[in-house]
file protein.txt (compact mmCIF, C-alpha atoms)
# COMPACT_ATOMS: atom_id res chain seq x y z
CA MET A 7 2.40 22.16 -1.83
CA VAL A 8 4.19 21.45 -5.13
CA GLY A 9 6.47 18.95 -3.41
CA TYR A 10 3.46 17.22 -1.86
CA ASN A 11 1.72 16.94 -5.24
CA ILE A 12 4.82 15.48 -6.88
CA GLN A 13 5.19 12.92 -4.10
CA ASN A 14 1.48 12.07 -4.26
CA ASN A 15 1.66 11.62 -8.04
CA LYS A 16 4.62 9.26 -7.62
CA LYS A 17 2.61 7.13 -5.20
CA ILE A 18 -0.37 7.01 -7.54
CA TYR A 19 1.76 6.12 -10.55
CA GLY A 20 3.66 3.54 -8.52
CA LEU A 21 0.36 1.96 -7.49
CA HIS A 22 -0.73 1.92 -11.13
CA ALA A 23 2.53 0.23 -12.16
CA THR A 24 2.45 -2.42 -9.44
CA THR A 25 -1.15 -3.24 -10.37
CA ILE A 26 -0.14 -3.77 -14.00
CA ILE A 27 2.88 -5.87 -13.02
CA SER A 28 0.76 -8.00 -10.67
CA LEU A 29 -1.87 -8.55 -13.37
CA ALA A 30 0.85 -9.53 -15.85
CA GLN A 31 2.23 -11.97 -13.27
CA LEU A 32 -1.22 -13.49 -12.86
CA LEU A 33 -1.56 -14.05 -16.59
CA ALA A 34 1.98 -15.20 -17.36
CA THR A 35 2.33 -17.65 -14.47
CA SER A 36 -0.72 -19.56 -15.68
CA LEU A 37 1.95 -21.36 -17.74
CA TRP A 38 3.36 -22.97 -14.59
CA PHE A 39 0.75 -25.58 -13.69
CA SER A 40 -1.14 -25.67 -16.98
CA ALA A 41 -0.03 -29.27 -17.56
CA ASN A 42 -0.79 -30.32 -13.96
CA SER A 43 -4.41 -29.22 -14.34
CA ALA A 44 -4.68 -31.89 -17.06
CA ALA A 45 -2.92 -34.56 -14.98
CA ILE A 46 -5.84 -36.99 -14.91
CA ASP A 47 -6.35 -36.72 -18.67
CA LEU A 48 -2.64 -37.16 -19.34
CA MET A 49 -2.45 -40.20 -17.06
CA GLN A 50 -5.31 -41.81 -18.98
CA GLN A 51 -4.19 -40.90 -22.51
CA TRP A 52 -0.47 -41.52 -22.10
CA GLN A 53 -0.71 -44.32 -19.52
CA ILE A 54 1.59 -42.56 -17.06
CA THR A 55 1.68 -42.62 -13.24
CA VAL A 56 1.47 -40.10 -10.41
CA ALA A 57 5.25 -40.19 -10.18
CA ASP A 58 5.43 -39.31 -13.89
CA ILE A 59 3.23 -36.27 -13.26
CA GLY A 60 5.74 -35.35 -10.58
CA TRP A 61 8.53 -35.52 -13.16
CA ILE A 62 6.54 -33.34 -15.58
CA THR A 63 6.26 -30.79 -12.79
CA ASN A 64 9.94 -31.18 -12.02
CA ALA A 65 10.82 -30.53 -15.66
CA VAL A 66 9.37 -27.04 -15.23
CA GLN A 67 11.23 -26.65 -11.95
CA ALA A 68 14.50 -27.78 -13.54
CA GLY A 69 14.12 -25.31 -16.38
CA PHE A 70 13.33 -22.56 -13.91
CA ILE A 71 16.35 -23.44 -11.78
CA ILE A 72 18.78 -23.42 -14.70
CA GLY A 73 17.24 -20.24 -16.04
CA THR A 74 17.48 -18.37 -12.74
CA PHE A 75 21.03 -19.63 -12.20
CA VAL A 76 22.08 -18.32 -15.63
CA PHE A 77 20.34 -15.00 -14.94
CA ALA A 78 22.08 -14.74 -11.58
CA TYR A 79 25.58 -15.93 -12.54
CA THR A 80 25.79 -13.81 -15.70
CA GLU A 81 23.94 -10.92 -14.00
CA ILE A 82 21.68 -10.66 -17.05
CA ALA A 83 18.90 -9.72 -14.63
CA ASP A 84 20.80 -6.50 -13.80
CA ARG A 85 22.53 -5.83 -17.13
CA PHE A 86 19.37 -5.45 -19.24
CA LYS A 87 16.04 -3.75 -18.69
CA ALA A 88 13.76 -5.89 -16.56
CA SER A 89 10.73 -5.17 -18.74
CA HIS A 90 12.55 -6.39 -21.87
CA ILE A 91 13.52 -9.65 -20.16
CA PHE A 92 9.95 -10.19 -18.93
CA VAL A 93 8.40 -9.56 -22.37
CA CYS A 94 10.79 -11.90 -24.21
CA SER A 95 10.33 -14.62 -21.59
CA ALA A 96 6.53 -14.40 -21.68
CA LEU A 97 6.48 -14.62 -25.49
CA LEU A 98 8.77 -17.65 -25.57
CA GLY A 99 6.91 -19.30 -22.69
CA ALA A 100 3.62 -18.94 -24.54
CA PHE A 101 5.20 -20.48 -27.65
CA PHE A 102 6.65 -23.53 -25.86
CA ASN A 103 3.42 -24.08 -23.92
CA PHE A 104 1.55 -24.02 -27.23
CA CYS A 105 4.02 -26.59 -28.59
CA PHE A 106 3.26 -28.85 -25.61
CA ALA A 107 -0.43 -28.71 -26.45
CA TRP A 108 -0.05 -29.73 -30.09
CA PHE A 109 3.24 -31.58 -30.45
CA ALA A 110 3.67 -33.55 -27.21
CA HIS A 111 2.54 -37.17 -27.56
CA GLY A 112 4.15 -38.80 -24.55
CA LEU A 113 6.27 -38.36 -21.45
CA ILE A 114 9.56 -37.54 -23.22
CA ASP A 115 7.98 -34.83 -25.37
CA ALA A 116 6.25 -33.44 -22.31
CA LEU A 117 9.48 -33.24 -20.32
CA ILE A 118 11.25 -31.31 -23.09
CA TYR A 119 8.54 -28.72 -23.64
CA ARG A 120 7.85 -28.24 -19.94
CA PHE A 121 11.58 -27.77 -19.31
CA LEU A 122 11.63 -24.99 -21.92
CA VAL A 123 8.58 -23.36 -20.30
CA GLY A 124 10.46 -23.46 -16.99
CA LEU A 125 13.42 -21.66 -18.58
CA CYS A 126 11.07 -18.91 -19.69
CA LEU A 127 9.43 -18.62 -16.26
CA ALA A 128 12.87 -17.71 -14.89
CA GLY A 129 12.48 -14.44 -16.78
CA ILE A 130 8.95 -13.89 -15.49
CA TYR A 131 8.73 -14.57 -11.75
CA PRO A 132 12.00 -13.13 -10.32
CA ILE A 133 12.09 -10.37 -12.93
CA GLY A 134 8.52 -9.48 -11.99
CA MET A 135 9.72 -9.19 -8.39
CA LYS A 136 12.52 -6.88 -9.50
CA LEU A 137 10.05 -4.68 -11.41
CA ILE A 138 7.90 -4.44 -8.28
CA VAL A 139 10.88 -3.41 -6.16
CA LEU A 140 11.95 -0.84 -8.77
CA TRP A 141 8.50 0.72 -8.98
CA ALA A 142 7.69 0.58 -5.23
CA PRO A 143 11.03 0.43 -3.34
CA HIS A 144 9.56 1.70 -0.07
CA GLN A 145 6.58 -0.66 -0.07
CA ALA A 146 8.36 -3.85 -1.09
CA GLY A 147 6.60 -6.12 1.40
CA ARG A 148 3.06 -5.11 0.45
CA ALA A 149 3.83 -4.80 -3.27
CA LEU A 150 5.50 -8.21 -3.41
CA ALA A 151 2.55 -9.66 -1.48
CA LYS A 152 0.26 -8.44 -4.25
CA LEU A 153 2.61 -9.88 -6.88
CA VAL A 154 2.82 -13.32 -5.24
CA ALA A 155 -0.95 -13.30 -4.73
CA MET A 156 -1.27 -12.96 -8.48
CA LEU A 157 1.34 -15.70 -8.97
CA THR A 158 -0.79 -17.95 -6.79
CA LEU A 159 -3.97 -17.19 -8.72
CA GLY A 160 -2.10 -17.62 -11.98
CA THR A 161 -0.79 -21.00 -10.88
CA ALA A 162 -4.30 -22.08 -9.86
CA LEU A 163 -6.01 -20.61 -12.92
CA PRO A 164 -5.67 -23.72 -15.16
CA TYR A 165 -7.53 -25.75 -12.52
CA PHE A 166 -10.36 -23.21 -12.66
CA ILE A 167 -10.51 -23.39 -16.46
CA ASN A 168 -10.51 -27.19 -16.29
CA SER A 169 -13.34 -27.20 -13.75
CA PHE A 170 -16.07 -26.09 -16.14
CA PRO A 171 -18.80 -28.71 -16.69
CA THR A 172 -18.11 -28.76 -20.44
CA HIS A 173 -14.72 -30.28 -19.57
CA PHE A 174 -12.45 -28.68 -22.11
CA ALA A 175 -9.87 -30.84 -23.84
CA TRP A 176 -6.58 -30.49 -22.01
CA GLN A 177 -5.08 -28.84 -25.11
CA THR A 178 -7.63 -26.04 -24.79
CA VAL A 179 -6.45 -25.27 -21.26
CA MET A 180 -2.86 -25.05 -22.51
CA ILE A 181 -3.82 -22.72 -25.35
CA CYS A 182 -5.72 -20.49 -22.92
CA SER A 183 -2.67 -20.17 -20.66
CA SER A 184 -0.46 -19.36 -23.67
CA SER A 185 -2.90 -16.62 -24.73
CA LEU A 186 -2.84 -15.14 -21.23
CA ALA A 187 0.97 -15.06 -21.30
CA LEU A 188 0.84 -13.10 -24.56
CA ILE A 189 -1.42 -10.52 -22.92
CA ALA A 190 1.05 -10.30 -20.01
CA ALA A 191 3.88 -9.57 -22.43
CA LEU A 192 1.86 -6.74 -23.97
CA LEU A 193 1.09 -5.21 -20.57
CA ILE A 194 4.74 -5.11 -19.48
CA TYR A 195 5.84 -3.89 -22.92
CA ARG A 196 3.50 -0.92 -22.54
CA LEU A 197 4.61 -0.26 -18.95
CA GLY A 198 8.39 -0.50 -19.31
CA ASP A 199 10.87 0.30 -16.50
CA PRO A 200 10.72 3.29 -14.16
CA THR A 201 12.85 6.20 -15.38
CA VAL A 202 14.72 6.27 -12.07
CA SER A 203 15.65 2.57 -12.10
CA PRO A 204 19.35 1.66 -11.80
CA LYS A 205 21.14 1.72 -15.13
CA PRO A 206 21.81 -1.72 -16.63
CA GLN A 207 25.25 -2.99 -15.78
CA ASN A 208 27.58 -3.54 -18.75
CA ILE A 209 30.40 -5.21 -16.87
CA VAL A 210 31.23 -8.85 -17.40
CA SER A 211 30.21 -10.98 -14.46
CA SER A 212 32.79 -12.91 -12.48
CA GLY A 213 30.28 -14.95 -10.54
CA GLY A 214 30.15 -12.36 -7.75
CA THR A 215 26.42 -12.92 -7.25
CA PHE A 216 27.11 -15.52 -4.58
CA GLN A 217 28.74 -12.79 -2.50
CA VAL A 218 25.24 -11.75 -1.41
CA PHE A 219 25.23 -14.72 0.96
CA LYS A 220 27.85 -12.89 2.99
CA ILE A 221 25.20 -10.31 3.81
CA ARG A 222 23.77 -11.42 7.13
CA LYS A 223 20.24 -10.19 6.61
CA PHE A 224 20.05 -11.81 3.18
CA ARG A 225 21.33 -15.11 4.56
CA ALA A 226 18.71 -15.09 7.31
CA ALA A 227 15.85 -14.50 4.90
CA ALA A 228 17.22 -17.18 2.56
CA ILE A 229 17.15 -19.83 5.30
CA GLY A 230 13.44 -19.29 5.90
CA TYR A 231 12.75 -19.04 2.18
CA PHE A 232 14.39 -22.38 1.45
CA GLY A 233 12.28 -24.11 4.11
CA HIS A 234 9.18 -22.51 2.62
CA MET A 235 10.09 -23.68 -0.88
CA TRP A 236 10.55 -27.29 0.20
CA GLU A 237 6.88 -27.36 1.16
CA LEU A 238 5.19 -25.02 -1.34
CA TYR A 239 5.44 -26.63 -4.77
CA ALA A 240 5.19 -30.16 -3.45
CA PHE A 241 1.95 -29.08 -1.74
CA TRP A 242 0.62 -27.51 -4.95
CA THR A 243 1.55 -30.65 -6.89
CA ILE A 244 0.02 -33.13 -4.48
CA ILE A 245 -3.07 -31.24 -3.24
CA PRO A 246 -5.53 -32.53 -5.91
CA LEU A 247 -4.42 -36.07 -5.03
CA PHE A 248 -4.79 -35.36 -1.31
CA ILE A 249 -8.30 -34.02 -1.94
CA ALA A 250 -9.30 -37.08 -3.97
CA LYS A 251 -7.64 -39.65 -1.68
CA SER A 252 -9.08 -38.17 1.52
CA GLY A 253 -12.62 -38.76 0.23
CA ILE A 254 -13.66 -35.11 0.49
CA PRO A 255 -15.53 -35.04 -2.86
CA GLU A 256 -17.62 -38.14 -2.07
CA LYS A 257 -18.31 -37.23 1.56
CA LEU A 258 -19.33 -33.65 0.74
CA GLY A 259 -21.23 -34.65 -2.40
CA TYR A 260 -19.16 -32.43 -4.66
CA ASN A 261 -16.99 -34.27 -7.17
CA ASN A 262 -15.37 -31.36 -9.01
CA ILE A 263 -11.79 -31.98 -7.87
CA SER A 264 -10.41 -29.27 -10.19
CA LEU A 265 -12.59 -26.58 -8.62
CA LEU A 266 -11.78 -27.78 -5.08
CA THR A 267 -8.09 -27.63 -5.96
CA PHE A 268 -8.51 -24.12 -7.35
CA PHE A 269 -10.27 -23.07 -4.14
CA VAL A 270 -7.48 -24.36 -1.91
CA MET A 271 -4.72 -22.83 -4.03
CA ALA A 272 -6.58 -19.55 -4.51
CA CYS A 273 -6.78 -19.16 -0.72
CA GLY A 274 -3.06 -18.49 -1.00
CA ALA A 275 -3.81 -15.22 -2.80
CA ILE A 276 -5.90 -14.10 0.18
CA GLY A 277 -3.11 -15.19 2.51
CA CYS A 278 -0.58 -13.09 0.57
CA LEU A 279 -2.77 -9.99 0.62
CA VAL A 280 -3.51 -10.33 4.35
CA GLY A 281 0.17 -10.93 5.04
CA GLY A 282 1.10 -7.86 3.02
CA TYR A 283 -1.36 -5.76 5.02
CA LEU A 284 -0.07 -7.08 8.34
CA SER A 285 3.56 -6.52 7.32
CA LYS A 286 2.89 -2.78 7.44
CA TYR A 287 2.14 -3.03 11.16
CA ILE A 288 4.18 -5.94 12.52
CA GLY A 289 6.96 -6.19 9.95
CA ASN A 290 7.99 -8.62 7.21
CA ARG A 291 9.88 -10.88 9.60
CA TYR A 292 6.95 -11.78 11.84
CA VAL A 293 4.54 -12.28 8.96
CA ALA A 294 7.02 -14.58 7.21
CA ILE A 295 7.80 -16.75 10.21
CA GLY A 296 4.19 -16.73 11.39
CA SER A 297 2.93 -17.95 8.02
CA LEU A 298 5.59 -20.64 7.79
CA SER A 299 4.66 -21.83 11.29
CA ILE A 300 0.94 -21.94 10.46
CA SER A 301 1.51 -23.95 7.29
CA GLY A 302 3.75 -26.35 9.19
CA PHE A 303 1.12 -26.77 11.91
CA SER A 304 -1.59 -27.37 9.29
CA CYS A 305 0.57 -30.05 7.73
CA LEU A 306 1.12 -31.67 11.11
CA VAL A 307 -2.61 -31.70 11.93
CA PHE A 308 -3.39 -33.29 8.57
CA ALA A 309 -0.66 -35.91 8.87
CA LEU A 310 -1.87 -36.88 12.35
CA GLY A 311 -5.61 -36.67 11.79
CA TRP A 312 -6.58 -37.46 8.20
CA ARG A 313 -7.84 -40.92 9.23
CA PHE A 314 -10.56 -39.64 11.59
CA LEU A 315 -11.14 -35.93 10.92
CA PRO A 316 -14.45 -35.13 9.14
CA ALA A 317 -14.37 -34.12 5.48
CA TRP A 318 -15.55 -30.56 6.11
CA PHE A 319 -12.77 -30.06 8.65
CA LEU A 320 -10.17 -31.39 6.23
CA LEU A 321 -11.34 -28.97 3.54
CA VAL A 322 -11.13 -26.04 5.98
CA LEU A 323 -7.69 -27.26 7.03
CA PHE A 324 -6.60 -27.40 3.39
CA ALA A 325 -7.86 -23.83 2.92
CA ILE A 326 -5.82 -22.59 5.92
CA TRP A 327 -2.83 -24.58 4.70
CA GLY A 328 -3.24 -23.19 1.20
CA ALA A 329 -3.45 -19.62 2.52
CA SER A 330 -0.38 -19.85 4.75
CA VAL A 331 1.86 -21.99 2.54
CA ILE A 332 2.52 -19.07 0.16
CA ALA A 333 1.90 -16.02 2.38
CA ASP A 334 5.49 -16.09 3.67
CA SER A 335 7.06 -16.02 0.20
CA PRO A 336 6.72 -12.27 -0.56
CA GLN A 337 7.87 -11.38 2.94
CA PHE A 338 11.03 -13.48 2.71
CA SER A 339 11.65 -12.00 -0.75
CA ALA A 340 11.12 -8.49 0.59
CA LEU A 341 13.62 -9.14 3.37
CA SER A 342 16.11 -10.42 0.81
CA ALA A 343 15.58 -7.49 -1.56
CA GLN A 344 15.87 -4.92 1.21
CA SER A 345 19.15 -6.40 2.42
CA CYS A 346 20.94 -6.11 -0.96
CA PRO A 347 22.40 -3.15 -2.88
CA SER A 348 19.92 -2.00 -5.53
CA GLU A 349 22.24 -3.01 -8.38
CA LYS A 350 22.31 -6.60 -7.06
CA VAL A 351 18.59 -7.12 -6.35
CA GLY A 352 17.77 -8.88 -9.62
CA ALA A 353 20.69 -11.30 -9.40
CA ALA A 354 20.21 -11.93 -5.67
CA LEU A 355 16.52 -12.79 -6.08
CA ALA A 356 17.38 -14.97 -9.07
CA ILE A 357 19.98 -17.03 -7.20
CA GLN A 358 17.71 -17.34 -4.16
CA ASN A 359 14.95 -18.61 -6.45
CA SER A 360 17.36 -20.97 -8.19
CA ILE A 361 18.42 -22.66 -4.95
CA GLY A 362 14.89 -22.68 -3.56
CA PHE A 363 13.48 -24.33 -6.67
CA THR A 364 16.26 -26.91 -6.62
CA LEU A 365 14.85 -28.02 -3.29
CA THR A 366 11.37 -28.29 -4.82
CA ILE A 367 12.58 -30.94 -7.28
CA ILE A 368 13.64 -33.14 -4.37
CA SER A 369 10.48 -32.57 -2.33
CA ILE A 370 8.14 -33.07 -5.31
CA ALA A 371 9.89 -36.29 -6.34
CA LEU A 372 9.86 -37.66 -2.79
CA THR A 373 6.25 -36.68 -2.10
CA THR A 374 4.76 -38.05 -5.33
CA TYR A 375 6.79 -41.26 -5.04
CA ALA A 376 5.78 -41.70 -1.40
CA PHE A 377 2.12 -41.03 -2.25
CA GLU A 378 2.03 -44.12 -4.45
CA ILE A 379 3.34 -46.20 -1.54
CA ILE A 380 1.93 -44.72 1.68
CA GLY A 381 -0.83 -42.44 0.40
CA LEU A 382 -1.76 -39.49 2.61
CA ASP A 383 1.05 -40.19 5.06
CA SER A 384 3.35 -38.65 2.44
CA ALA A 385 2.36 -35.34 4.07
CA TRP A 386 5.11 -35.96 6.62
CA ILE A 387 7.66 -35.20 3.90
CA LEU A 388 6.21 -31.70 3.45
CA LEU A 389 6.62 -30.97 7.16
CA ILE A 390 10.42 -31.05 6.83
CA GLY A 391 10.44 -27.62 5.17
CA PRO A 392 8.61 -25.54 7.80
CA ILE A 393 10.51 -27.21 10.64
CA LEU A 394 13.94 -26.55 9.16
CA GLY A 395 12.95 -23.10 7.89
CA VAL A 396 11.69 -21.82 11.24
CA ALA A 397 14.42 -23.54 13.27
CA GLY A 398 17.17 -22.32 10.95
CA PHE A 399 15.88 -18.76 10.94
CA TYR A 400 15.63 -18.53 14.71
CA TYR A 401 18.93 -20.34 15.25
CA SER A 402 20.67 -17.66 13.20
CA ALA A 403 18.87 -14.86 15.03
CA ASN A 404 19.48 -16.24 18.50
CA LYS A 405 23.18 -16.68 17.80
CA GLY A 406 23.33 -12.95 17.49
CA VAL A 407 24.73 -13.19 13.98
CA ILE A 408 21.71 -12.20 11.93
CA HIS A 409 19.12 -9.60 12.82
CA VAL A 410 16.29 -8.86 10.45
call {"tool": "encode", "arguments": {"input": "protein.txt", "output": "structure tokens"}}
result
Amino acid sequence: MVGYNIQNNKKIYGLHATTIISLAQLLATSLWFSANSAAIDLMQQWQITVADIGWITNAVQAGFIIGTFVFAYTEIADRFKASHIFVCSALLGAFFNFCFAWFAHGLIDALIYRFLVGLCLAGIYPIGMKLIVLWAPHQAGRALAKLVAMLTLGTALPYFINSFPTHFAWQTVMICSSSLALIAALLIYRLGDPTVSPKPQNIVSSGGTFQVFKIRKFRAAAIGYFGHMWELYAFWTIIPLFIAKSGIPEKLGYNNISLLTFFVMACGAIGCLVGGYLSKYIGNRYVAIGSLSISGFSCLVFALGWRFLPAWFLLVLFAIWGASVIADSPQFSALSAQSCPSEKVGAALAIQNSIGFTLTIISIALTTYAFEIIGLDSAWILLIGPILGVAGFYYSANKGVIHV
């Protein structure tokens, strides 16, 4: 009976911890698309283009990529307490986001500050995943699904703030996201790391992080993850433009593009939670590949039918697309985390994120550039990710080399 009570208490405390980490992720990742929510205002005030907005987004991605690469190569993610890294990153991210609001007066300023925010996010997103795995090692799929659901809501949150009829100044939205990041830092500071977490490694790294790609299960999950990443952030970047260009606001008589964008992106949180629930019964692998296939099919239907499909159908399609485009992320991450030694989880997730986000720079740049030329047909570029992700994953499995 005593053993049962101890085990039950561990589950309850683990649930408490993962809830706090997920909430902190929601608040801190509001930094990510805080500038994108003000895209229309920035285009008008600074006289910049859609492609320039793409580069502002890519500045965050570039900072994130370099940050995750440094974390992975130096193994900082496994040499120091994860909670300490998260807190410092959230504090610095809030500061640089605040600087963007008050000291950026054009594209160059914006690129610098957003790059610095991206560096800080490298200590928030993958480190948050590590904290989840440390606190709930036997429920990684469901726990990570909750975490990524909060990431999705956090990413969409600036659009919700910007959707109010009072139409806040874009600086106000930025300040709000910075304040939320400060609250996230406080939450993780109070939580800390689990007492049974692996001890920080004090050895000097020799770049051995890349050795994780020799692990067959990790390599399989990475292939699907990279295909997912090609589509995800380009979709999040372009979706408000897709909504506006497709005529949905006018045809449905609802012109609040920010709120429609929030709705589509927030559907991803539901997709993550449903995927996490299903992973308990059918496994991480099938949820991941199923979600990637659904998002790819949604993209295909939109690319083929946007000219004649009714507005209500397009909005429903966007909702399905928004739900599935992110639902595979926690499952691929869970597969990756489960395939690595515990002392390498932080670095492995960091390097996987680094490579995946490198792909997002290419897809975002191509999609936003193509949108200015061919409009909604730029959706075909997004379809590349799901096709290659699913095909690459199954090719590896069918060769008998990788079994997840």
call {"tool": "atom_distance", "arguments": {"input": "protein.txt", "atom1": "CA of Leu258 (chain A)", "atom2": "CA of Trp318 (chain A)"}}
result
7.3 Å
call {"tool": "residues_around", "arguments": {"input": "protein.txt", "residues": "region 390-401 of chain A", "least_positions_apart": "5", "cutoff": "8 Å", "atoms": "only C-alpha atoms", "output": "PyMOL selection string"}}
result
chain A and resi 226-227+229-237+295+298-299+301-302
call {"tool": "residues_around", "arguments": {"input": "protein.txt", "residues": "Thr243 (chain A)", "least_positions_apart": "2", "cutoff": "10 Å", "atoms": "all atoms listed in the file", "output": "PyMOL selection string"}}
result
chain A and resi 39+42-43+59-60+63-64+238-241+245-248+370+373-374
call {"tool": "residues_around", "arguments": {"input": "protein.txt", "residues": "Lys350 (chain A)", "least_positions_apart": "3", "cutoff": "9 Å", "atoms": "only C-alpha atoms", "output": "list in words"}}
result
Glu81, Ala83, Asp84, Thr215, Val218, Ala343, Cys346, Pro347, Ala353, Ala354 and Leu355 of chain A
call {"tool": "closest_residue", "arguments": {"input": "protein.txt", "among": "A:Ile82, A:Ile380, A:Leu323, A:Ala190", "to": "Ile300 (chain A)", "atoms": "only C-alpha atoms"}}
result
A:Leu323
call {"tool": "closest_residue", "arguments": {"input": "protein.txt", "among": "A:Ala107, A:Leu113, A:Ala333, A:Ile181", "to": "Ala57 (chain A)", "atoms": "only C-alpha atoms"}}
result
A:Leu113
call {"tool": "residues_around", "arguments": {"input": "protein.txt", "residues": "Ala65 (chain A)", "least_positions_apart": "5", "cutoff": "8 Å", "atoms": "only C-alpha atoms", "output": "list in words"}}
result
Leu117, Ile118, Arg120, Phe121 and Gly124 of chain A
call {"tool": "residues_around", "arguments": {"input": "protein.txt", "residues": "Thr24 (chain A)", "least_positions_apart": "2", "cutoff": "9 Å", "atoms": "only C-alpha atoms", "output": "MDAnalysis selection string"}}
result
chainID A and resid 19:22 26:29 137:138 141:142 149:150 152:153
call {"tool": "axis_aligned_box", "arguments": {"input": "protein.txt", "around": "region 323-332 of chain A", "padding_each_side": "8 Å", "output": "AutoDock Vina command-line options"}}
result
--center_x -2.7 --center_y -23.2 --center_z 3.6 --size_x 26.4 --size_y 24.3 --size_z 22.9
call {"tool": "residues_near_point", "arguments": {"input": "protein.txt", "point": "(-10.9, -29.8, 4.3)", "cutoff": "12 Å", "atoms": "all atoms listed in the file", "output": "count of residues only"}}
result
36
call {"tool": "closest_residue", "arguments": {"input": "protein.txt", "among": "A:Arg85, A:Cys182, A:Leu193, A:Asn168", "to": "Ala23 (chain A)", "atoms": "only C-alpha atoms"}}
result
A:Leu193
call {"tool": "closest_residue", "arguments": {"input": "protein.txt", "among": "A:Ile288, A:Leu122, A:Ile130, A:Ile263", "to": "Ile194 (chain A)", "atoms": "all atoms listed in the file"}}
result
A:Ile130
call {"tool": "atom_distance", "arguments": {"input": "protein.txt", "atom1": "CA of Thr55 (chain A)", "atom2": "CA of Val331 (chain A)"}}
result
26.0 Å
call {"tool": "atom_distance", "arguments": {"input": "protein.txt", "atom1": "CA of Gln31 (chain A)", "atom2": "CA of Leu157 (chain A)"}}
result
5.8 Å
call {"tool": "closest_residue", "arguments": {"input": "protein.txt", "among": "A:Phe75, A:Ile114, A:Ser95, A:Ser339", "to": "Ile62 (chain A)", "atoms": "only C-alpha atoms"}}
result
A:Ile114
